file data-v1.txt (compact mmCIF, N, CA and C atoms)
# COMPACT_ATOMS: atom_id res chain seq x y z
N MET A 814 0.58 -16.85 65.12
CA MET A 814 1.02 -16.49 63.80
C MET A 814 0.89 -17.71 62.89
N ALA A 815 0.21 -17.54 61.78
CA ALA A 815 0.01 -18.64 60.84
C ALA A 815 1.25 -18.84 59.99
N GLN A 816 1.59 -20.10 59.78
CA GLN A 816 2.76 -20.40 58.96
C GLN A 816 2.33 -20.74 57.55
N GLN A 817 3.13 -20.29 56.61
CA GLN A 817 2.86 -20.59 55.22
C GLN A 817 3.34 -22.00 54.91
N ARG A 818 2.58 -22.72 54.11
CA ARG A 818 2.99 -24.06 53.70
C ARG A 818 3.83 -23.94 52.44
N ARG A 819 4.95 -24.63 52.44
CA ARG A 819 5.86 -24.56 51.30
C ARG A 819 5.28 -25.33 50.11
N ALA A 820 5.42 -24.77 48.94
CA ALA A 820 4.94 -25.42 47.73
C ALA A 820 5.80 -26.65 47.44
N PRO A 821 5.18 -27.75 47.01
CA PRO A 821 5.96 -28.95 46.72
C PRO A 821 6.89 -28.74 45.53
N THR A 822 8.06 -29.33 45.60
CA THR A 822 9.00 -29.22 44.49
C THR A 822 8.64 -30.24 43.42
N PRO A 823 8.78 -29.89 42.16
CA PRO A 823 8.43 -30.83 41.10
C PRO A 823 9.44 -31.98 41.06
N PRO A 824 9.01 -33.17 40.64
CA PRO A 824 9.94 -34.29 40.55
C PRO A 824 10.99 -34.06 39.47
N ILE A 825 12.13 -34.72 39.63
CA ILE A 825 13.23 -34.58 38.69
C ILE A 825 12.91 -35.26 37.37
N THR A 826 12.30 -36.43 37.44
CA THR A 826 11.96 -37.17 36.23
C THR A 826 10.60 -36.74 35.72
N GLY A 827 10.20 -37.31 34.62
CA GLY A 827 8.89 -37.01 34.06
C GLY A 827 7.80 -37.72 34.84
N LYS A 828 6.65 -37.89 34.20
CA LYS A 828 5.52 -38.51 34.88
C LYS A 828 5.74 -40.01 35.07
N TYR A 829 6.43 -40.64 34.16
CA TYR A 829 6.65 -42.08 34.23
C TYR A 829 8.13 -42.36 34.45
N CYS A 830 8.43 -43.28 35.32
CA CYS A 830 9.83 -43.55 35.66
C CYS A 830 10.48 -44.50 34.66
N GLU A 831 9.72 -45.07 33.73
CA GLU A 831 10.29 -46.02 32.77
C GLU A 831 11.02 -45.30 31.63
N ASP A 832 10.98 -43.98 31.61
CA ASP A 832 11.60 -43.25 30.50
C ASP A 832 13.10 -43.51 30.42
N HIS A 833 13.79 -43.43 31.54
CA HIS A 833 15.23 -43.60 31.54
C HIS A 833 15.64 -44.36 32.79
N MET A 834 16.00 -45.63 32.63
CA MET A 834 16.44 -46.42 33.77
C MET A 834 17.87 -46.04 34.12
N PRO A 835 18.17 -45.90 35.40
CA PRO A 835 19.51 -45.47 35.80
C PRO A 835 20.57 -46.54 35.51
N ASP A 836 21.74 -46.08 35.10
CA ASP A 836 22.88 -46.95 34.84
C ASP A 836 24.08 -46.34 35.54
N TYR A 837 24.93 -47.15 36.15
CA TYR A 837 26.03 -46.62 36.94
C TYR A 837 27.07 -45.90 36.09
N LYS A 838 27.10 -46.15 34.79
CA LYS A 838 28.07 -45.50 33.91
C LYS A 838 27.61 -44.11 33.45
N ASP A 839 26.34 -43.83 33.60
CA ASP A 839 25.78 -42.54 33.19
C ASP A 839 25.86 -41.56 34.36
N VAL A 840 27.05 -41.02 34.59
CA VAL A 840 27.32 -40.21 35.78
C VAL A 840 26.56 -38.90 35.74
N GLU A 841 26.45 -38.28 34.57
CA GLU A 841 25.76 -36.99 34.48
C GLU A 841 24.29 -37.11 34.86
N HIS A 842 23.66 -38.22 34.49
CA HIS A 842 22.26 -38.45 34.86
C HIS A 842 22.14 -38.73 36.35
N LEU A 843 23.08 -39.47 36.92
CA LEU A 843 23.02 -39.81 38.34
C LEU A 843 23.27 -38.60 39.23
N LYS A 844 24.05 -37.63 38.76
CA LYS A 844 24.33 -36.44 39.56
C LYS A 844 23.08 -35.62 39.83
N LYS A 845 22.07 -35.74 38.97
CA LYS A 845 20.83 -35.01 39.20
C LYS A 845 20.09 -35.53 40.42
N PHE A 846 20.37 -36.77 40.83
CA PHE A 846 19.66 -37.39 41.95
C PHE A 846 20.46 -37.33 43.25
N LEU A 847 21.50 -36.51 43.29
CA LEU A 847 22.28 -36.31 44.50
C LEU A 847 22.07 -34.89 45.00
N SER A 848 22.01 -34.73 46.32
CA SER A 848 21.88 -33.39 46.89
C SER A 848 23.24 -32.70 46.86
N ALA A 849 23.28 -31.49 47.38
CA ALA A 849 24.52 -30.73 47.40
C ALA A 849 25.56 -31.39 48.31
N HIS A 850 25.09 -32.17 49.29
CA HIS A 850 25.99 -32.86 50.21
C HIS A 850 26.33 -34.27 49.74
N GLY A 851 25.81 -34.69 48.60
CA GLY A 851 26.11 -36.00 48.05
C GLY A 851 25.15 -37.08 48.49
N GLN A 852 24.03 -36.71 49.11
CA GLN A 852 23.05 -37.70 49.55
C GLN A 852 22.06 -37.97 48.43
N ILE A 853 21.52 -39.18 48.40
CA ILE A 853 20.53 -39.57 47.39
C ILE A 853 19.21 -38.91 47.75
N VAL A 854 18.55 -38.31 46.76
CA VAL A 854 17.27 -37.64 47.02
C VAL A 854 16.18 -38.67 47.24
N SER A 855 15.10 -38.23 47.88
CA SER A 855 14.01 -39.14 48.24
C SER A 855 13.16 -39.48 47.02
N ARG A 856 12.30 -40.45 47.20
CA ARG A 856 11.39 -40.87 46.13
C ARG A 856 10.43 -39.77 45.76
N LYS A 857 10.01 -39.01 46.75
CA LYS A 857 9.08 -37.91 46.49
C LYS A 857 9.73 -36.86 45.59
N ARG A 858 11.01 -36.61 45.80
CA ARG A 858 11.73 -35.60 45.01
C ARG A 858 12.15 -36.16 43.65
N SER A 859 12.54 -37.44 43.61
CA SER A 859 13.03 -38.00 42.35
C SER A 859 11.90 -38.32 41.38
N GLY A 860 10.72 -38.69 41.89
CA GLY A 860 9.60 -39.03 41.03
C GLY A 860 9.60 -40.47 40.60
N TYR A 861 10.50 -41.28 41.13
CA TYR A 861 10.57 -42.70 40.78
C TYR A 861 9.65 -43.53 41.66
N CYS A 862 9.20 -44.67 41.13
CA CYS A 862 8.44 -45.61 41.94
C CYS A 862 9.42 -46.37 42.85
N THR A 863 8.91 -47.24 43.68
CA THR A 863 9.76 -47.94 44.65
C THR A 863 10.84 -48.78 43.97
N GLN A 864 10.46 -49.54 42.96
CA GLN A 864 11.42 -50.41 42.29
C GLN A 864 12.49 -49.61 41.56
N CYS A 865 12.09 -48.52 40.91
CA CYS A 865 13.06 -47.71 40.17
C CYS A 865 13.96 -46.93 41.13
N GLN A 866 13.44 -46.54 42.31
CA GLN A 866 14.27 -45.86 43.30
C GLN A 866 15.33 -46.82 43.84
N LYS A 867 14.98 -48.09 44.01
CA LYS A 867 15.97 -49.08 44.45
C LYS A 867 17.04 -49.29 43.38
N ALA A 868 16.62 -49.30 42.10
CA ALA A 868 17.59 -49.42 41.01
C ALA A 868 18.49 -48.19 40.95
N LEU A 869 17.94 -47.02 41.23
CA LEU A 869 18.73 -45.79 41.27
C LEU A 869 19.75 -45.85 42.40
N LYS A 870 19.31 -46.32 43.57
CA LYS A 870 20.21 -46.44 44.72
C LYS A 870 21.35 -47.40 44.41
N LEU A 871 21.04 -48.51 43.77
CA LEU A 871 22.06 -49.49 43.42
C LEU A 871 23.04 -48.92 42.39
N ALA A 872 22.53 -48.17 41.42
CA ALA A 872 23.39 -47.57 40.40
C ALA A 872 24.32 -46.53 41.02
N ILE A 873 23.81 -45.73 41.96
CA ILE A 873 24.65 -44.73 42.62
C ILE A 873 25.71 -45.40 43.48
N LYS A 874 25.33 -46.46 44.18
CA LYS A 874 26.31 -47.18 45.01
C LYS A 874 27.40 -47.82 44.15
N ARG A 875 27.01 -48.37 43.00
CA ARG A 875 28.01 -48.96 42.11
C ARG A 875 28.94 -47.89 41.55
N ALA A 876 28.39 -46.74 41.20
CA ALA A 876 29.22 -45.65 40.69
C ALA A 876 30.16 -45.14 41.76
N ARG A 877 29.74 -45.16 43.01
CA ARG A 877 30.61 -44.73 44.11
C ARG A 877 31.75 -45.72 44.31
N HIS A 878 31.46 -47.00 44.19
CA HIS A 878 32.51 -48.02 44.35
C HIS A 878 33.52 -47.97 43.20
N MET A 879 33.06 -47.56 42.03
CA MET A 879 33.95 -47.43 40.88
C MET A 879 34.67 -46.07 40.86
N ALA A 880 34.42 -45.25 41.90
CA ALA A 880 35.03 -43.92 42.06
C ALA A 880 34.57 -42.95 40.97
N LEU A 881 33.33 -43.12 40.48
CA LEU A 881 32.77 -42.19 39.52
C LEU A 881 32.00 -41.07 40.22
N LEU A 882 31.49 -41.37 41.42
CA LEU A 882 30.76 -40.39 42.24
C LEU A 882 31.39 -40.35 43.61
N PRO A 883 31.27 -39.21 44.32
CA PRO A 883 31.86 -39.12 45.66
C PRO A 883 31.02 -39.84 46.71
N PHE A 884 31.70 -40.30 47.77
CA PHE A 884 31.03 -40.89 48.91
C PHE A 884 30.56 -39.80 49.84
N VAL A 885 29.56 -40.08 50.66
CA VAL A 885 29.10 -39.16 51.69
C VAL A 885 29.86 -39.48 52.95
N GLY A 886 30.33 -38.46 53.63
CA GLY A 886 30.92 -38.84 54.87
C GLY A 886 32.02 -38.09 55.39
call {"tool": "encode", "arguments": {"input": "data-v1.txt", "output": "structure tokens"}}
result
Amino acid sequence: MAQQRRAPTPPITGKYCEDHMPDYKDVEHLKKFLSAHGQIVSRKRSGYCTQCQKALKLAIKRARHMALLPFVG
């Protein structure tokens, strides 16, 4: 039985990641990059380059330490 290949999901950001750099105080923007379980989405799903994905990860971690976002666990 042949399996159907799932269509790729479009990235959350636009074509260029320089449009909006993540900031830990911008909680509404950061919530778009969390899954339903509170995990950070992958680079493929977010549409960010490597450097911007690291900045996103740092912003989410800072927001979690400031109790603006929930921890996973």
call {"tool": "closest_residue", "arguments": {"input": "data-v1.txt", "among": "A:His833, A:Ile853, A:Arg818, A:Glu841", "to": "Ile873 (chain A)", "atoms": "only C-alpha atoms"}}
result
A:Ile853
call {"tool": "atom_distance", "arguments": {"input": "data-v1.txt", "atom1": "CA of Ser848 (chain A)", "atom2": "CA of Gln864 (chain A)"}}
result
20.5 Å
call {"tool": "closest_residue", "arguments": {"input": "data-v1.txt", "among": "A:Leu869, A:Pro823, A:Met834, A:Lys844", "to": "Lys857 (chain A)", "atoms": "only N, CA and C atoms"}}
result
A:Pro823
call {"tool": "atom_distance", "arguments": {"input": "data-v1.txt", "atom1": "CA of Arg877 (chain A)", "atom2": "CA of Phe846 (chain A)"}}
result
13.4 Å
call {"tool": "residues_near_point", "arguments": {"input": "data-v1.txt", "point": "(12.1, -33.6, 43.9)", "cutoff": "6 Å", "atoms": "only C-alpha atoms", "output": "number ranges by chain"}}
result
A: 822-825, 857-859
call {"tool": "closest_residue", "arguments": {"input": "data-v1.txt", "among": "A:Val885, A:Ala872, A:Ala820, A:Cys865", "to": "Ala849 (chain A)", "atoms": "only C-alpha atoms"}}
result
A:Val885
call {"tool": "atom_distance", "arguments": {"input": "data-v1.txt", "atom1": "atom C of Tyr861 (chain A)", "atom2": "atom N of Lys838 (chain A)"}}
result
18.9 Å
call {"tool": "select_by_dssp", "arguments": {"input": "data-v1.txt", "residues": "chain A", "states": "helix (DSSP H, G or I)", "output": "JSON, numbers by chain"}}
result
{"A": [840, 841, 842, 843, 844, 856, 857, 858, 859, 863, 864, 865, 866, 867, 868, 869, 870, 871, 872, 873, 874, 875, 876, 877, 878]}
call {"tool": "closest_residue", "arguments": {"input": "data-v1.txt", "among": "A:Tyr837, A:Phe884, A:Ala868, A:His878", "to": "Gln852 (chain A)", "atoms": "all atoms listed in the file"}}
result
A:Phe884
call {"tool": "closest_residue", "arguments": {"input": "data-v1.txt", "among": "A:Val854, A:Cys862, A:Leu847, A:Val840", "to": "Leu881 (chain A)", "atoms": "only C-alpha atoms"}}
result
A:Val840
call {"tool": "closest_residue", "arguments": {"input": "data-v1.txt", "among": "A:Lys845, A:His850, A:Asp839, A:Ser855", "to": "Ala876 (chain A)", "atoms": "only N, CA and C atoms"}}
result
A:Asp839
